[in-house]
file work27.csv (CSV, C-alpha atoms)
chain,number,residue,atom,x,y,z
Z,690,MET,CA,0.0,0.0,0.0
Z,691,GLU,CA,1.3,3.5,-0.9
Z,692,LEU,CA,1.3,5.8,2.1
Z,693,GLN,CA,0.4,9.4,1.4
Z,694,HIS,CA,1.5,12.4,3.4
Z,695,GLU,CA,-1.9,12.8,5.1
Z,696,ASN,CA,-1.6,9.3,6.4
Z,697,LEU,CA,1.7,9.8,8.2
Z,698,GLN,CA,0.3,11.3,11.4
Z,699,PRO,CA,-1.8,8.3,12.3
Z,700,TYR,CA,1.0,6.0,11.2
Z,701,SER,CA,3.4,7.8,13.4
Z,702,ALA,CA,1.0,7.7,16.3
Z,703,MET,CA,0.7,3.9,15.8
Z,704,MET,CA,4.5,3.6,15.8
Z,705,HIS,CA,4.6,5.5,19.1
Z,706,GLY,CA,1.9,3.2,20.6
Z,707,LEU,CA,3.8,0.1,19.6
Z,708,ALA,CA,7.1,1.6,20.7
Z,709,SER,CA,5.6,2.2,24.2
Z,710,ARG,CA,5.0,-1.5,24.4
Z,711,GLY,CA,8.6,-2.4,23.5
Z,712,HIS,CA,8.1,-3.1,19.8
Z,713,ILE,CA,11.7,-2.9,18.4
Z,714,PRO,CA,10.8,-2.2,14.8
Z,715,SER,CA,8.7,0.8,15.9
Z,716,LEU,CA,11.5,2.1,18.1
Z,717,LEU,CA,13.9,1.9,15.2
Z,718,PHE,CA,11.5,3.6,12.9
Z,719,LEU,CA,11.0,6.5,15.3
Z,720,ALA,CA,14.7,6.8,15.9
Z,721,ASN,CA,15.5,7.1,12.2
Z,722,GLN,CA,12.5,9.5,11.7
Z,723,ALA,CA,13.9,11.8,14.4
Z,724,ALA,CA,17.5,11.5,13.4
Z,725,TYR,CA,17.5,11.9,9.6
Z,726,PRO,CA,15.8,14.8,7.7
Z,727,GLN,CA,14.7,12.5,4.9
Z,728,ASN,CA,11.4,11.7,3.2
Z,729,ALA,CA,9.1,10.4,5.9
Z,730,THR,CA,6.7,8.9,3.3
Z,731,GLU,CA,9.5,6.7,1.9
Z,732,GLN,CA,10.5,5.7,5.5
Z,733,ALA,CA,7.0,4.8,6.6
Z,734,ALA,CA,6.3,2.8,3.4
Z,735,GLY,CA,9.6,0.9,3.8
Z,736,GLU,CA,8.8,0.2,7.4
Z,737,GLU,CA,5.4,-1.1,6.5
Z,738,ARG,CA,6.9,-3.5,3.9
Z,739,LYS,CA,9.4,-4.7,6.5
Z,740,ASP,CA,6.7,-5.3,9.1
Z,741,ALA,CA,5.0,-7.7,6.8
Z,742,SER,CA,8.0,-9.9,6.5
Z,743,ARG,CA,9.2,-9.9,10.2
Z,744,THR,CA,8.7,-12.9,12.4
Z,745,ASP,CA,7.2,-13.1,15.9
Z,746,LYS,CA,10.7,-12.8,17.3
Z,747,THR,CA,10.6,-9.0,16.8
Z,748,ALA,CA,7.4,-8.6,18.8
Z,749,THR,CA,9.0,-10.3,21.8
Z,750,GLY,CA,12.0,-8.1,21.9
Z,751,GLY,CA,14.6,-10.0,19.9
Z,752,ASP,CA,16.8,-8.5,17.2
Z,753,GLU,CA,14.9,-8.0,14.0
Z,754,THR,CA,17.4,-7.4,11.2
Z,755,ASP,CA,19.8,-9.6,9.4
Z,756,PRO,CA,23.4,-8.2,9.9
Z,757,GLY,CA,23.8,-8.4,6.1
Z,758,ALA,CA,20.7,-6.3,5.4
Z,759,VAL,CA,20.9,-2.9,3.8
Z,760,PRO,CA,20.8,-0.3,6.6
Z,761,PRO,CA,18.5,2.7,6.2
Z,762,TRP,CA,21.2,5.2,5.4
Z,763,MET,CA,22.6,3.1,2.5
Z,764,THR,CA,21.4,2.4,-1.0
Z,765,GLU,CA,21.2,-1.1,-2.4
Z,766,SER,CA,24.5,-0.6,-4.2
Z,767,GLY,CA,26.2,0.0,-0.9
Z,768,ARG,CA,26.5,3.8,-1.2
Z,769,GLU,CA,25.3,6.3,1.4
Z,770,ARG,CA,21.9,7.9,0.6
Z,771,SER,CA,22.3,11.4,-0.7
Z,772,VAL,CA,20.1,13.1,1.9
Z,773,PRO,CA,21.0,16.1,4.1
Z,774,GLU,CA,23.1,14.9,7.0
Z,775,PRO,CA,22.3,16.1,10.5
Z,776,ALA,CA,24.9,18.4,12.2
Z,777,SER,CA,23.7,17.9,15.7
Z,778,VAL,CA,22.4,15.1,17.9
Z,779,ASN,CA,18.7,14.7,18.4
Z,780,PRO,CA,18.3,13.4,21.9
Z,781,GLU,CA,14.9,11.9,21.0
Z,782,ALA,CA,16.5,9.7,18.3
Z,783,VAL,CA,19.2,8.5,20.7
Z,784,LYS,CA,16.5,7.7,23.3
Z,785,PHE,CA,14.6,5.4,20.9
Z,786,TRP,CA,17.8,3.6,19.8
Z,787,GLU,CA,18.9,3.2,23.4
Z,788,GLN,CA,15.5,1.8,24.4
Z,789,ALA,CA,15.7,-0.7,21.5
Z,790,ALA,CA,19.3,-1.7,22.5
Z,791,GLU,CA,18.1,-2.3,26.1
Z,792,LEU,CA,15.5,-4.7,24.6
Z,793,GLY,CA,18.3,-6.6,22.9
Z,794,SER,CA,18.4,-5.0,19.4
Z,795,LEU,CA,21.9,-5.2,18.0
Z,796,THR,CA,20.6,-3.2,14.9
Z,797,ALA,CA,19.9,-0.3,17.3
Z,798,LEU,CA,23.5,-0.3,18.4
Z,799,ASP,CA,24.7,-0.3,14.8
Z,800,GLU,CA,22.4,2.5,13.7
Z,801,LEU,CA,23.3,4.5,16.7
Z,802,ALA,CA,27.0,4.2,15.9
Z,803,ALA,CA,26.3,5.2,12.3
Z,804,TYR,CA,24.3,8.2,13.6
Z,805,TYR,CA,27.1,9.4,15.8
Z,806,GLU,CA,29.6,9.0,12.9
Z,807,THR,CA,27.3,11.0,10.6
Z,808,VAL,CA,26.9,13.9,13.0
Z,809,ALA,CA,30.6,13.9,13.8
Z,810,ARG,CA,31.4,14.5,10.1
Z,811,ASN,CA,29.3,17.7,10.2
Z,812,VAL,CA,30.4,19.4,13.4
Z,813,GLN,CA,33.1,22.0,13.4
Z,814,ASP,CA,34.3,21.8,17.0
Z,815,PRO,CA,37.2,19.2,17.3
Z,816,ALA,CA,36.3,18.4,20.9
Z,817,GLU,CA,32.6,17.8,20.0
Z,818,ARG,CA,33.7,15.7,17.1
Z,819,GLN,CA,36.0,13.6,19.3
Z,820,GLN,CA,33.2,13.0,21.8
Z,821,LEU,CA,30.8,11.9,19.0
Z,822,GLN,CA,33.4,9.5,17.6
Z,823,ALA,CA,33.9,8.1,21.1
Z,824,SER,CA,30.2,7.5,21.4
Z,825,ALA,CA,30.2,5.7,18.0
Z,826,MET,CA,33.1,3.6,19.4
Z,827,THR,CA,31.2,2.7,22.5
Z,828,ALA,CA,28.2,1.5,20.5
Z,829,SER,CA,30.5,-0.5,18.2
Z,830,THR,CA,32.4,-2.0,21.1
Z,831,ALA,CA,29.0,-3.2,22.5
Z,832,LEU,CA,28.4,-5.0,19.1
Z,833,VAL,CA,31.9,-6.6,19.3
Z,834,ARG,CA,31.1,-7.9,22.7
Z,835,LYS,CA,28.1,-9.6,21.2
Z,836,ASN,CA,30.3,-11.0,18.4
Z,837,ASP,CA,28.3,-9.1,15.9
Z,838,VAL,CA,29.9,-8.7,12.5
Z,839,ARG,CA,28.7,-5.1,12.2
Z,840,GLY,CA,30.8,-4.2,15.2
Z,841,PHE,CA,33.9,-5.9,13.7
Z,842,LYS,CA,33.5,-4.0,10.5
Z,843,ARG,CA,33.1,-0.7,12.2
Z,844,MET,CA,36.1,-1.2,14.4
Z,845,ALA,CA,38.1,-2.2,11.4
Z,846,ARG,CA,37.2,1.0,9.6
Z,847,TYR,CA,37.9,3.1,12.7
Z,848,TYR,CA,41.4,1.7,13.0
Z,849,GLU,CA,42.0,2.0,9.3
Z,850,GLN,CA,40.8,5.6,9.0
Z,851,GLY,CA,41.7,6.9,12.5
Z,852,ILE,CA,38.1,7.6,13.5
Z,853,GLY,CA,38.2,8.4,17.2
Z,854,VAL,CA,41.4,6.4,17.6
Z,855,GLN,CA,45.0,6.4,16.2
Z,856,PRO,CA,45.2,4.5,12.9
Z,857,ASN,CA,46.5,1.0,13.6
Z,858,LYS,CA,47.1,-1.4,10.6
Z,859,GLU,CA,47.4,-4.5,12.9
Z,860,LEU,CA,44.1,-3.9,14.7
Z,861,HIS,CA,42.4,-3.0,11.4
Z,862,ARG,CA,43.6,-6.4,10.0
Z,863,ASP,CA,42.6,-8.3,13.1
Z,864,TYR,CA,39.0,-6.9,13.0
Z,865,VAL,CA,38.8,-7.5,9.2
Z,866,LEU,CA,39.8,-11.2,9.8
Z,867,LYS,CA,37.3,-11.6,12.6
Z,868,ALA,CA,34.5,-10.2,10.4
Z,869,ALA,CA,35.6,-12.4,7.5
Z,870,GLU,CA,35.3,-15.5,9.7
Z,871,THR,CA,31.5,-14.9,9.6
Z,872,ASN,CA,31.6,-15.0,5.8
Z,873,ASP,CA,30.3,-11.4,5.6
Z,874,PRO,CA,30.7,-10.4,2.0
Z,875,GLU,CA,32.1,-6.9,2.6
Z,876,ALA,CA,34.6,-8.3,5.1
Z,877,LEU,CA,35.7,-11.0,2.6
Z,878,VAL,CA,36.3,-8.4,0.0
Z,879,GLU,CA,38.4,-6.3,2.4
Z,880,LYS,CA,40.4,-9.5,3.4
Z,881,ALA,CA,41.0,-10.1,-0.3
Z,882,ARG,CA,42.3,-6.5,-0.7
Z,883,LEU,CA,44.7,-7.0,2.2
Z,884,LEU,CA,46.0,-10.2,0.7
Z,885,ILE,CA,46.5,-8.5,-2.6
Z,886,LYS,CA,48.4,-5.5,-1.1
Z,887,GLY,CA,50.1,-7.5,1.6
Z,888,GLU,CA,48.9,-5.2,4.3
Z,889,GLY,CA,49.6,-6.8,7.7
Z,890,MET,CA,50.1,-10.2,6.1
Z,891,GLU,CA,52.1,-11.9,3.4
Z,892,PRO,CA,50.8,-11.0,-0.1
Z,893,ASP,CA,48.8,-13.8,-1.6
Z,894,PRO,CA,46.9,-12.7,-4.7
Z,895,LYS,CA,45.9,-16.3,-5.5
Z,896,ALA,CA,44.1,-16.7,-2.1
Z,897,ALA,CA,42.5,-13.3,-2.7
Z,898,LEU,CA,41.3,-14.5,-6.1
Z,899,GLU,CA,39.8,-17.7,-4.6
Z,900,ILE,CA,37.9,-15.7,-2.0
Z,901,LEU,CA,36.5,-13.3,-4.7
Z,902,THR,CA,35.7,-16.0,-7.2
Z,903,ARG,CA,33.7,-18.0,-4.6
Z,904,LEU,CA,31.8,-14.8,-3.5
Z,905,GLU,CA,31.0,-13.4,-7.0
Z,906,PRO,CA,28.2,-15.8,-8.0
Z,907,ASN,CA,26.7,-15.9,-4.5
Z,908,GLN,CA,26.0,-12.2,-3.9
Z,909,VAL,CA,22.6,-11.5,-2.3
Z,910,ARG,CA,23.2,-7.8,-3.1
Z,911,PRO,CA,26.0,-5.9,-4.7
Z,912,VAL,CA,29.2,-6.0,-2.7
Z,913,PRO,CA,31.3,-2.8,-3.1
Z,914,GLY,CA,34.8,-3.4,-4.5
Z,915,LEU,CA,34.3,-7.0,-5.5
Z,916,TYR,CA,34.3,-6.5,-9.3
Z,917,PHE,CA,37.1,-3.9,-9.1
Z,918,LEU,CA,39.4,-6.3,-7.3
Z,919,LEU,CA,38.5,-9.1,-9.7
Z,920,GLY,CA,39.2,-6.8,-12.7
Z,921,TYR,CA,42.5,-5.6,-11.1
Z,922,LEU,CA,43.8,-9.2,-10.5
Z,923,HIS,CA,43.0,-10.2,-14.1
Z,924,GLU,CA,44.4,-7.0,-15.6
Z,925,GLU,CA,47.7,-7.3,-13.7
Z,926,GLY,CA,47.9,-11.1,-13.9
Z,927,LEU,CA,48.1,-11.5,-10.2
Z,928,GLY,CA,47.2,-15.0,-8.9
Z,929,THR,CA,46.1,-15.9,-12.4
Z,930,GLN,CA,46.9,-15.5,-16.1
Z,931,ARG,CA,46.7,-12.0,-17.4
Z,932,ASP,CA,43.4,-11.5,-19.1
Z,933,THR,CA,42.5,-8.0,-20.1
Z,934,ALA,CA,39.2,-9.0,-21.8
Z,935,LEU,CA,38.0,-10.6,-18.6
Z,936,ALA,CA,39.3,-7.6,-16.6
Z,937,TYR,CA,37.2,-5.3,-18.8
Z,938,GLN,CA,34.1,-7.4,-18.1
Z,939,PHE,CA,34.6,-7.2,-14.4
Z,940,TYR,CA,35.3,-3.5,-14.4
Z,941,MET,CA,32.1,-3.0,-16.4
Z,942,LYS,CA,30.1,-4.9,-13.8
Z,943,GLY,CA,31.7,-2.8,-11.1
Z,944,ALA,CA,30.8,0.4,-13.1
Z,945,GLU,CA,27.1,-0.8,-13.2
Z,946,GLN,CA,27.3,-0.8,-9.4
Z,947,GLU,CA,28.7,2.8,-9.3
Z,948,ASP,CA,32.2,1.6,-8.3
Z,949,ASP,CA,34.4,4.7,-9.0
Z,950,LYS,CA,37.6,2.7,-9.0
Z,951,ALA,CA,36.2,0.3,-11.6
Z,952,MET,CA,35.2,3.3,-13.7
Z,953,ASN,CA,38.6,4.9,-13.4
Z,954,ASN,CA,40.3,1.7,-14.5
Z,955,LEU,CA,37.9,1.5,-17.5
Z,956,GLY,CA,39.1,5.0,-18.4
Z,957,SER,CA,42.7,3.8,-18.1
Z,958,MET,CA,42.1,0.9,-20.4
Z,959,TYR,CA,40.5,3.1,-23.1
Z,960,GLU,CA,43.2,5.7,-22.7
Z,961,GLY,CA,46.0,3.3,-23.2
Z,962,GLY,CA,44.3,0.9,-25.5
Z,963,ASN,CA,44.8,-1.9,-23.0
Z,964,GLY,CA,42.5,-4.8,-23.9
Z,965,VAL,CA,40.2,-2.5,-25.9
Z,966,ALA,CA,40.6,-0.2,-28.8
Z,967,LYS,CA,42.2,3.1,-27.8
Z,968,ASN,CA,39.4,5.7,-27.5
Z,969,LEU,CA,40.1,9.0,-25.7
Z,970,ASP,CA,36.4,10.0,-25.8
Z,971,GLU,CA,35.5,6.8,-23.9
Z,972,ALA,CA,38.4,7.3,-21.5
Z,973,LYS,CA,37.2,10.8,-20.7
Z,974,LYS,CA,33.6,9.6,-20.2
Z,975,TRP,CA,34.7,7.0,-17.6
Z,976,TYR,CA,37.1,9.3,-15.9
Z,977,GLU,CA,34.4,11.9,-15.6
Z,978,GLN,CA,31.9,9.4,-14.1
Z,979,ALA,CA,34.5,8.2,-11.6
Z,980,ALA,CA,35.4,11.8,-10.7
Z,981,ALA,CA,31.7,12.7,-10.2
Z,982,LEU,CA,31.7,10.0,-7.5
Z,983,GLY,CA,34.6,11.6,-5.7
Z,984,ASN,CA,37.6,9.7,-7.2
Z,985,GLU,CA,40.6,12.1,-6.9
Z,986,ASP,CA,42.8,10.1,-9.3
Z,987,ALA,CA,40.0,10.3,-11.9
Z,988,ARG,CA,39.8,14.1,-11.6
Z,989,ALA,CA,43.5,14.3,-12.5
Z,990,ASN,CA,43.0,11.8,-15.3
Z,991,VAL,CA,40.2,13.9,-16.8
Z,992,GLU,CA,42.5,16.9,-17.2
Z,993,ARG,CA,45.3,14.8,-18.7
Z,994,VAL,CA,43.0,13.2,-21.3
Z,995,LYS,CA,41.5,16.7,-22.2
Z,996,GLU,CA,45.1,17.9,-22.9
Z,997,LYS,CA,45.7,14.8,-25.1
Z,998,MET,CA,42.5,15.5,-27.0
Z,999,LYS,CA,43.5,19.1,-27.6
Z,1000,LYS,CA,46.9,18.1,-29.0
Z,1001,ALA,CA,45.2,15.5,-31.2
Z,1002,VAL,CA,43.1,18.2,-32.8
Z,1003,LYS,CA,46.0,20.5,-33.6

call {"tool": "encode", "arguments": {"input": "work27.csv", "output": "structure tokens"}}
result
Amino acid sequence: MELQHENLQPYSAMMHGLASRGHIPSLLFLANQAAYPQNATEQAAGEERKDASRTDKTATGGDETDPGAVPPWMTESGRERSVPEPASVNPEAVKFWEQAAELGSLTALDELAAYYETVARNVQDPAERQQLQASAMTASTALVRKNDVRGFKRMARYYEQGIGVQPNKELHRDYVLKAAETNDPEALVEKARLLIKGEGMEPDPKAALEILTRLEPNQVRPVPGLYFLLGYLHEEGLGTQRDTALAYQFYMKGAEQEDDKAMNNLGSMYEGGNGVAKNLDEAKKWYEQAAALGNEDARANVERVKEKMKKAVK
């Protein structure tokens, strides 16, 4: 059923009523509604669809979301939704998440950590940012204590990027490996990347290729970076015979999932005539698409190809 704007008020009232009785999905809905300035109609409709598929476990206070499910702030392709990000904490949102967490919801802890991270990105005061990052770390640590893969993945990213902590390659690797033990697709891709680069472990591109090859046909939803790494291994001949035609196919699949690195490498193939006919127009197109997604290398590549095209005209 399509929910219209005029139906939101009674729907929200119903959510509050259910939340007051400890209904975890309602608490999560209200937390997200209070936290993110996004389209409430889309939120309510999405929540209604999810309610139809949930089991009785959610009504009795258990956790309600598969750790591999797409969280509300992400698109199906694994990218963050392009909605205005909050620049301050809404205490009401935090209250709903904390209530859900007290009832046993691990998803509440994960969403709360994501919320603190989001707000931290948008505050100017360094002390406030540090406090928010520490709060995100606290929620993630609670997930780790429950052996929840989402906690392992967050802690891995914190130690990789230095979010609230000093960067630490060893701890990043350790959390990646713990997450990968659960067969989480994103963690497996990150483990493969570490094996390719030899970061914190002996380089083993063959083992990386085996991980990615097993994962590729079993994706429930697109896994960011998977096709880029498969393309890279085949383009460079790492762990397998060099095969630029197959590399091109993998990069194209990555580009379909908005992988900026795959797009950038497609541009490189067209620019150099590597595995495809040399075509500066195509190279520029792919570089520009990658640059539009924030790829800094691609931005420089666009300018270089433009200069080449100018010289070719003269």

call {"tool": "residues_around", "arguments": {"input": "work27.csv", "residues": "Ala790 (chain Z)", "least_positions_apart": "4", "cutoff": "10 Å", "atoms": "all atoms listed in the file", "output": "MDAnalysis selection string"}}
result
chainID Z and resid 713 716:717 750:752 784:786 794:799 801 828 831

call {"tool": "residues_around", "arguments": {"input": "work27.csv", "residues": "Ser777 (chain Z)", "least_positions_apart": "6", "cutoff": "8 Å", "atoms": "all atoms listed in the file", "output": "PyMOL selection string"}}
result
chain Z and resi 808+811-812

call {"tool": "residues_around", "arguments": {"input": "work27.csv", "residues": "Asp873 (chain Z)", "least_positions_apart": "5", "cutoff": "10 Å", "atoms": "all atoms listed in the file", "output": "ChimeraX atom specification"}}
result
/Z:756-757,838-839,842,867-868,878,904,912

call {"tool": "residues_around", "arguments": {"input": "work27.csv", "residues": "Ala881 (chain Z)", "least_positions_apart": "3", "cutoff": "12 Å", "atoms": "only C-alpha atoms", "output": "compact mmCIF listing (two decimals) with C-alpha atoms, in the frame of the given file"}}
result
# COMPACT_ATOMS: atom_id res chain seq x y z
CA ARG Z 862 43.60 -6.40 10.00
CA VAL Z 865 38.80 -7.50 9.20
CA LEU Z 866 39.80 -11.20 9.80
CA ALA Z 869 35.60 -12.40 7.50
CA PRO Z 874 30.70 -10.40 2.00
CA GLU Z 875 32.10 -6.90 2.60
CA ALA Z 876 34.60 -8.30 5.10
CA LEU Z 877 35.70 -11.00 2.60
CA VAL Z 878 36.30 -8.40 0.00
CA LEU Z 884 46.00 -10.20 0.70
CA ILE Z 885 46.50 -8.50 -2.60
CA LYS Z 886 48.40 -5.50 -1.10
CA GLY Z 887 50.10 -7.50 1.60
CA GLU Z 888 48.90 -5.20 4.30
CA MET Z 890 50.10 -10.20 6.10
CA GLU Z 891 52.10 -11.90 3.40
CA PRO Z 892 50.80 -11.00 -0.10
CA ASP Z 893 48.80 -13.80 -1.60
CA PRO Z 894 46.90 -12.70 -4.70
CA LYS Z 895 45.90 -16.30 -5.50
CA ALA Z 896 44.10 -16.70 -2.10
CA ALA Z 897 42.50 -13.30 -2.70
CA LEU Z 898 41.30 -14.50 -6.10
CA GLU Z 899 39.80 -17.70 -4.60
CA ILE Z 900 37.90 -15.70 -2.00
CA LEU Z 901 36.50 -13.30 -4.70
CA THR Z 902 35.70 -16.00 -7.20
CA ARG Z 903 33.70 -18.00 -4.60
CA LEU Z 904 31.80 -14.80 -3.50
CA GLY Z 914 34.80 -3.40 -4.50
CA LEU Z 915 34.30 -7.00 -5.50
CA TYR Z 916 34.30 -6.50 -9.30
CA PHE Z 917 37.10 -3.90 -9.10
CA LEU Z 918 39.40 -6.30 -7.30
CA LEU Z 919 38.50 -9.10 -9.70
CA TYR Z 921 42.50 -5.60 -11.10
CA LEU Z 922 43.80 -9.20 -10.50
CA GLY Z 928 47.20 -15.00 -8.90

call {"tool": "atom_distance", "arguments": {"input": "work27.csv", "atom1": "CA of Gln850 (chain Z)", "atom2": "CA of Gln822 (chain Z)"}}
result
12.0 Å

call {"tool": "residues_around", "arguments": {"input": "work27.csv", "residues": "Leu719 (chain Z)", "least_positions_apart": "2", "cutoff": "9 Å", "atoms": "only C-alpha atoms", "output": "list of chain:residue names"}}
result
Z:Ser701, Z:Met704, Z:His705, Z:Ala708, Z:Pro714, Z:Ser715, Z:Leu716, Z:Leu717, Z:Asn721, Z:Gln722, Z:Ala723, Z:Ala724, Z:Glu781, Z:Ala782, Z:Phe785, Z:Trp786

call {"tool": "write_last_selection", "arguments": {"input": "work27.csv", "atoms": "C-alpha atoms", "output": "CSV table (one decimal), in the coordinates of the input"}}
result
chain,number,residue,atom,x,y,z
Z,701,SER,CA,3.4,7.8,13.4
Z,704,MET,CA,4.5,3.6,15.8
Z,705,HIS,CA,4.6,5.5,19.1
Z,708,ALA,CA,7.1,1.6,20.7
Z,714,PRO,CA,10.8,-2.2,14.8
Z,715,SER,CA,8.7,0.8,15.9
Z,716,LEU,CA,11.5,2.1,18.1
Z,717,LEU,CA,13.9,1.9,15.2
Z,721,ASN,CA,15.5,7.1,12.2
Z,722,GLN,CA,12.5,9.5,11.7
Z,723,ALA,CA,13.9,11.8,14.4
Z,724,ALA,CA,17.5,11.5,13.4
Z,781,GLU,CA,14.9,11.9,21.0
Z,782,ALA,CA,16.5,9.7,18.3
Z,785,PHE,CA,14.6,5.4,20.9
Z,786,TRP,CA,17.8,3.6,19.8

call {"tool": "atom_distance", "arguments": {"input": "work27.csv", "atom1": "CA of Pro911 (chain Z)", "atom2": "CA of Gln946 (chain Z)"}}
result
7.1 Å

call {"tool": "atom_distance", "arguments": {"input": "work27.csv", "atom1": "CA of Pro699 (chain Z)", "atom2": "CA of Val778 (chain Z)"}}
result
25.8 Å

call {"tool": "closest_residue", "arguments": {"input": "work27.csv", "among": "Z:Lys950, Z:Asn984, Z:Thr871, Z:Lys997", "to": "Asp970 (chain Z)", "atoms": "all atoms listed in the file"}}
result
Z:Lys997

call {"tool": "closest_residue", "arguments": {"input": "work27.csv", "among": "Z:Lys973, Z:Lys835, Z:Tyr848, Z:Ala789", "to": "Ser709 (chain Z)", "atoms": "all atoms listed in the file"}}
result
Z:Ala789
